[in-house]
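S.K.: Provided herewith is a single structure, encoded as structure tokens, for subsequent inquiry.
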Amino acid sequence: MKSIGSVLDANRGIGPGFNLLRLILALTVVFIHCSLIDNGAAADQFWPYGARWALNNVPVPMFFVVSGFLVAASVERLSLDQFLVNRLLRILPALVLVVALAALVLGPLMTQDSLGSYFSKPGLYAYFLNAAGLHHDALPGVFETNPAHEINGSLWTIPHEVSCYILLAIIAGLGLLRRRWLVLGGTIGLYALAIGFWLIDRYGLQFPLSDKLTYIFVWRGAAKLVPLFLTGTLFHLFRANMPMSRILGLAAGAALVVIAIIGNPSWQDNPIVWAVTAPLFAYVAVWLGLSAWFALPILAGLDYSYGIYLFGFPVQQTLIHFLPGISNYWVFFVISAVPTIILAALSWHFVEKPALGLKRRIGPAISRLVARTRRSPASA
């Protein structure tokens with residue numbers, strides 16, 4: 001039986017189905033945010049709990065396990081400085097674009113404040129911190145009549161994604177990627193800590209710093225997302241030992257469906273469920289990403305998913321501003337997906353792809369600078 005590693009090698013390290021998978025996940029996030037039309041009030045009636053669990057708990061976890069799998073391959077073949085430059089060039093340009101457009105174009109057009117008041121308020125300038133990975137989700141007087149007032153709720157995951165890159169760089173710098181069992185143990189340890197603190201909180205036990213530790217390892221967004229990223233990384237590290245099997249892929253997908261059907265709302269914050277579902281998410285994502293039958297040739301060389309993820313939320317909030325009476329989720333999804341995809345395509349072709357082209361020049365230049373810096377103390 002073929003292994004995940006052999007299939008990945010046969011595809012020269014690029015799974016043929018990952019672009020379609022990421023596109024579907026990004027559009028699913030746009031669909032989830034259709035609940036902005038009523039701030040989620042009708043979501044319970046619109047779809048059963050199993051579907052809501054799937055929508056709320058599949059796209060972002062799948063994004064993070066895919067990221068962990070693919071980025072681990074990048075850090076293995078690059079120097080750390082080149083790896084960090086490449087990650088910066090992938091994340092930052094489109095992020096800066098969407099933040100700047102929201103603050104300097106969308107905000108002035110949508111605000112209920114006067115332009116003088118808008119540009120004088122600290123909230124405007126705090127919003128630019130999103131480009132540095134510090135999440136701020138309000139602009140003066142913008143979307144205040146919408147059911148939800150956020151400008152771009154999707155940006156909450158960006159700091160966690162960046163923290164995962166930094167963590168992976170540290171792991172690689174310490175040489176731990178060659179000691180994959182330690183990475184596995186660390187990932188299991190994170191889940192064990194989350195489960196332990198969750199049980200302590202559940203049964204009302206207290207000890208010094210218990211509230212803070214429970215927040216860090218259970219309730220904070222990174223507590224869920226970092227182990228998912230590491231799970232994807234582990235799938236890459238153990239790729240030679242993992243079978244590439246349609247049966248296993250379908251079984252993992254079926255298990256997720258069963259969990260969605262039998263679960264209840266409390267499972268969303270249950271780290272035991274996170275630990276059980278993480279390898280299922282990872283296997284389904286990697287299996288689909290490496291499957292030739294899941295590839296869409298027209299997407300070769302294109303990655304609109306990041307742009308869709310970034311632009312979808314403010315596009316939807318803008319449409320709600322102009323169409324306050326809209327109530328049909330499916331209609332709203334269609335009319336919001338089209339402009340979102342157009343903006344994502346423009347972002348890819350005119351911002352993201354050109355920025356990625358710079359890595360061939362910036363990466364070596366950074367490497368030479370780092371090398372000179374390392375040599376300078378000895379020469380002195």
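FYI, nothing fancy with the structure tokens labels: chains A, B, ... in order, residues from 1 per chain, ligands from 1 as they appear.
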Could you pull the residues within 9 Å of segment 210-215 of chain A, counting only C-alpha atoms, minus those fewer than 6 positions along the same chain, as JSON, numbers by chain?
M.R.: {"A": [193, 194, 196, 197, 198, 200, 201, 223]}
S.K.: I need the residue nearest Tyr165 of chain A from this list: A:Leu70, A:Ile216, A:Leu248, A:Leu109. Use only C-alpha atoms for the distance.
M.R.: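 So, comparing all the options, the nearest one is A:Leu70.
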S.K.: I'd like the neighbourhood of Ser245 of chain A as a PyMOL selection string, where a residue qualifies if any of its atoms comes within 10 Å (using only C-alpha atoms), though same-chain residues fewer than 4 positions away should be ignored.
M.R.: chain A and resi 1-4+249-251+283+287+291
S.K.: For the selection just defined, write its residues with N, CA and C atoms to a file, as a PDB file, in the first residue's frame.
M.R.:
ATOM      1  N   MET A   1       0.848  -1.201   0.000  1.00  0.00           N
ATOM      2  CA  MET A   1       0.000   0.000   0.000  1.00  0.00           C
ATOM      3  C   MET A   1       0.883   1.249   0.000  1.00  0.00           C
ATOM      4  N   LYS A   2       0.505   2.218  -0.786  1.00  0.00           N
ATOM      5  CA  LYS A   2       1.259   3.469  -0.832  1.00  0.00           C
ATOM      6  C   LYS A   2       1.156   4.204   0.497  1.00  0.00           C
ATOM      7  N   SER A   3       2.220   4.908   0.826  1.00  0.00           N
ATOM      8  CA  SER A   3       2.194   5.742   2.018  1.00  0.00           C
ATOM      9  C   SER A   3       1.895   7.183   1.628  1.00  0.00           C
ATOM     10  N   ILE A   4       1.533   7.977   2.613  1.00  0.00           N
ATOM     11  CA  ILE A   4       1.329   9.396   2.375  1.00  0.00           C
ATOM     12  C   ILE A   4       2.616  10.025   1.849  1.00  0.00           C
ATOM     13  N   GLY A 249      -9.606   7.064   4.642  1.00  0.00           N
ATOM     14  CA  GLY A 249     -10.128   8.408   4.433  1.00  0.00           C
ATOM     15  C   GLY A 249     -11.633   8.465   4.605  1.00  0.00           C
ATOM     16  N   LEU A 250     -12.331   7.495   4.016  1.00  0.00           N
ATOM     17  CA  LEU A 250     -13.794   7.450   4.150  1.00  0.00           C
ATOM     18  C   LEU A 250     -14.198   7.122   5.579  1.00  0.00           C
ATOM     19  N   ALA A 251     -13.433   6.252   6.237  1.00  0.00           N
ATOM     20  CA  ALA A 251     -13.756   5.901   7.626  1.00  0.00           C
ATOM     21  C   ALA A 251     -13.573   7.102   8.544  1.00  0.00           C
ATOM     22  N   TYR A 283      -6.359  13.365   8.800  1.00  0.00           N
ATOM     23  CA  TYR A 283      -6.314  12.312   7.784  1.00  0.00           C
ATOM     24  C   TYR A 283      -7.216  12.651   6.605  1.00  0.00           C
ATOM     25  N   TRP A 287      -5.641  13.165   3.007  1.00  0.00           N
ATOM     26  CA  TRP A 287      -6.115  12.213   1.994  1.00  0.00           C
ATOM     27  C   TRP A 287      -6.728  12.946   0.802  1.00  0.00           C
ATOM     28  N   SER A 291      -5.129  13.343  -3.148  1.00  0.00           N
ATOM     29  CA  SER A 291      -5.892  12.501  -4.082  1.00  0.00           C
ATOM     30  C   SER A 291      -6.034  13.196  -5.430  1.00  0.00           C
TER      31      SER A 291
END
S.K.: Could you give me, as a PyMOL selection string, the residues within 10 Å of Ala126 of chain A, counting only C-alpha atoms and dropping anything in the same chain fewer than 4 positions from it?
M.R.: chain A and resi 103+121-122+130+134-139
S.K.: Which residues in segment 48-186 of chain A does DSSP call helix (DSSP H, G or I)? List them as number ranges by chain.
M.R.: A: 49-57, 59-77, 80-110, 115-120, 122-132, 153-173, 176-178, 180-186
S.K.: Would you give me, as CSV, each residue of segment 125-224 of chain A having an atom within 10 Å of an atom of segment 90-100 of chain A, along with its shortest atom pair and that distance in Å to one decimal, using only C-alpha atoms and sorting by chain and residue number?
M.R.:
residue,atom,partner,partner_atom,distance
A:Tyr127,CA,A:Val99,CA,7.5
A:Phe128,CA,A:Val99,CA,6.4
A:Leu129,CA,A:Val99,CA,8.8
A:Asn130,CA,A:Val99,CA,6.8
A:Ala131,CA,A:Val96,CA,5.3
A:Ala132,CA,A:Leu92,CA,8.4
A:Gly133,CA,A:Leu95,CA,9.3
A:Ile151,CA,A:Val99,CA,9.7
A:Asn152,CA,A:Val99,CA,8.9
A:Leu155,CA,A:Leu95,CA,8.8
A:Ile158,CA,A:Ile91,CA,8.6
A:Glu161,CA,A:Ile91,CA,9.3
A:Val162,CA,A:Ile91,CA,8.5
S.K.: Nearest residue to Tyr329 of chain A out of A:Leu25, A:Ala282, A:Cys34, A:Ile298, using only C-alpha atoms?
M.R.: A:Cys34
S.K.: Between atom CA of Arg178 of chain A and atom CA of Glu76 of chain A, measure the distance and give it in Å to one decimal.
M.R.: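 Separation of atom CA of Arg178 of chain A and atom CA of Glu76 of chain A: 9.6 Å.
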S.K.: Closest to Gln82 of chain A among A:Ile32, A:Ile335, A:Leu205, A:Ala169, using only C-alpha atoms?
M.R.: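 Of all the options, A:Ala169 lies closest to Gln82 of chain A.
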S.K.: So how many Å separate atom CA of Phe294 of chain A and atom CA of Gly15 of chain A, to one decimal?
M.R.: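 Straight-line distance from atom CA of Phe294 of chain A to atom CA of Gly15 of chain A works out to 9.9 Å.
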S.K.: So what do you get for atom CA of Leu288 of chain A versus atom CA of Gly17 of chain A, distance-wise?
M.R.: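 Answer for the atom CA of Leu288 of chain A to atom CA of Gly17 of chain A separation: 6.0 Å.
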S.K.: If we count only C-alpha atoms and set the cut-off at 12 Å, which residues sit around Val284 of chain A, ignoring sequence neighbours fewer than 3 positions away in its own chain? Please answer as a compact mmCIF listing (two decimals) with N, CA and C atoms, in the first residue's frame.
M.R.:
# COMPACT_ATOMS: atom_id res chain seq x y z
N ILE A 4 1.53 7.98 2.61
CA ILE A 4 1.33 9.40 2.37
C ILE A 4 2.62 10.03 1.85
N GLY A 17 -4.82 18.02 -4.68
CA GLY A 17 -6.16 18.40 -4.24
C GLY A 17 -6.21 19.50 -3.19
N PHE A 18 -5.05 19.99 -2.76
CA PHE A 18 -5.06 20.96 -1.67
C PHE A 18 -5.68 22.30 -2.07
N LEU A 21 -9.40 21.86 -1.87
CA LEU A 21 -9.80 21.71 -0.48
C LEU A 21 -9.82 23.05 0.23
N VAL A 58 -15.40 22.36 11.49
CA VAL A 58 -14.62 21.72 10.44
C VAL A 58 -13.70 22.68 9.70
N PRO A 61 -10.41 24.11 11.85
CA PRO A 61 -9.51 23.01 12.16
C PRO A 61 -8.85 22.41 10.93
N MET A 62 -9.62 22.25 9.84
CA MET A 62 -9.04 21.69 8.63
C MET A 62 -7.98 22.62 8.06
N PHE A 63 -8.24 23.92 8.09
CA PHE A 63 -7.24 24.89 7.63
C PHE A 63 -5.94 24.72 8.42
N VAL A 65 -4.80 22.07 10.21
CA VAL A 65 -4.06 20.82 9.99
C VAL A 65 -3.41 20.82 8.60
N VAL A 66 -4.10 21.38 7.60
CA VAL A 66 -3.50 21.51 6.27
C VAL A 66 -2.26 22.40 6.34
N GLY A 232 -1.20 18.35 12.10
CA GLY A 232 -0.85 18.35 10.69
C GLY A 232 0.64 18.19 10.48
N PHE A 235 1.60 14.57 10.83
CA PHE A 235 1.27 13.78 9.64
C PHE A 235 2.38 13.89 8.59
N MET A 244 -1.70 5.62 2.62
CA MET A 244 -2.61 6.46 1.83
C MET A 244 -3.75 5.56 1.37
N SER A 245 -4.85 5.62 2.10
CA SER A 245 -5.93 4.65 1.91
C SER A 245 -7.28 5.33 1.76
N ARG A 246 -7.98 4.98 0.70
CA ARG A 246 -9.33 5.51 0.52
C ARG A 246 -10.25 5.00 1.63
N ILE A 247 -10.05 3.75 2.04
CA ILE A 247 -10.89 3.19 3.11
C ILE A 247 -10.71 3.98 4.40
N LEU A 248 -9.45 4.27 4.74
CA LEU A 248 -9.20 5.04 5.95
C LEU A 248 -9.73 6.47 5.82
N GLY A 249 -9.61 7.06 4.64
CA GLY A 249 -10.13 8.41 4.43
C GLY A 249 -11.63 8.47 4.61
N LEU A 250 -12.33 7.50 4.02
CA LEU A 250 -13.79 7.45 4.15
C LEU A 250 -14.20 7.12 5.58
N ALA A 251 -13.43 6.25 6.24
CA ALA A 251 -13.76 5.90 7.63
C ALA A 251 -13.57 7.10 8.54
N ALA A 252 -12.50 7.88 8.34
CA ALA A 252 -12.28 9.08 9.15
C ALA A 252 -13.38 10.09 8.91
N GLY A 253 -13.79 10.26 7.64
CA GLY A 253 -14.88 11.18 7.34
C GLY A 253 -16.19 10.71 7.96
N ALA A 254 -16.45 9.41 7.90
CA ALA A 254 -17.67 8.87 8.50
C ALA A 254 -17.67 9.06 10.01
N ALA A 255 -16.51 8.89 10.63
CA ALA A 255 -16.42 9.10 12.08
C ALA A 255 -16.75 10.54 12.45
N LEU A 256 -16.29 11.48 11.65
CA LEU A 256 -16.62 12.88 11.91
C LEU A 256 -18.12 13.14 11.75
N VAL A 257 -18.72 12.50 10.76
CA VAL A 257 -20.17 12.65 10.57
C VAL A 257 -20.92 12.10 11.79
N THR A 277 -10.98 14.25 17.48
CA THR A 277 -11.25 14.68 16.10
C THR A 277 -10.02 15.17 15.36
N ALA A 278 -8.98 15.62 16.07
CA ALA A 278 -7.81 16.19 15.40
C ALA A 278 -7.19 15.23 14.38
N PRO A 279 -6.86 13.98 14.74
CA PRO A 279 -6.30 13.09 13.73
C PRO A 279 -7.29 12.74 12.63
N LEU A 280 -8.60 12.76 12.94
CA LEU A 280 -9.60 12.51 11.90
C LEU A 280 -9.60 13.65 10.88
N PHE A 281 -9.61 14.89 11.38
CA PHE A 281 -9.52 16.05 10.49
C PHE A 281 -8.26 15.97 9.63
N TRP A 287 -5.64 13.17 3.01
CA TRP A 287 -6.11 12.21 1.99
C TRP A 287 -6.73 12.95 0.80
N LEU A 288 -7.59 13.92 1.07
CA LEU A 288 -8.19 14.68 -0.03
C LEU A 288 -7.12 15.50 -0.76
N GLY A 289 -6.24 16.12 -0.01
CA GLY A 289 -5.22 16.97 -0.62
C GLY A 289 -4.28 16.21 -1.53
N LEU A 290 -4.03 14.93 -1.23
CA LEU A 290 -3.11 14.13 -2.03
C LEU A 290 -3.81 13.26 -3.08
N SER A 291 -5.13 13.34 -3.15
CA SER A 291 -5.89 12.50 -4.08
C SER A 291 -6.03 13.20 -5.43
N PHE A 294 -9.47 14.37 -6.53
CA PHE A 294 -10.02 15.55 -5.88
C PHE A 294 -9.44 16.84 -6.47
S.K.: For a quick check of understanding, using only C-alpha atoms, which of A:Ile171, A:Pro159, A:Ala295, A:Leu228 has the smallest distance to Ile14 of chain A?
M.R.: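 Using only C-alpha atoms, Ile14 of chain A sits closest to A:Ala295.
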S.K.: Which neighbours of Ile341 of chain A fall inside 9 Å, counting only C-alpha atoms, when residues of the same chain fewer than 3 positions from it are skipped, and could you give them as a ChimeraX atom specification?
M.R.: /A:27,304-305,307-308,311-312,336-338,344-346
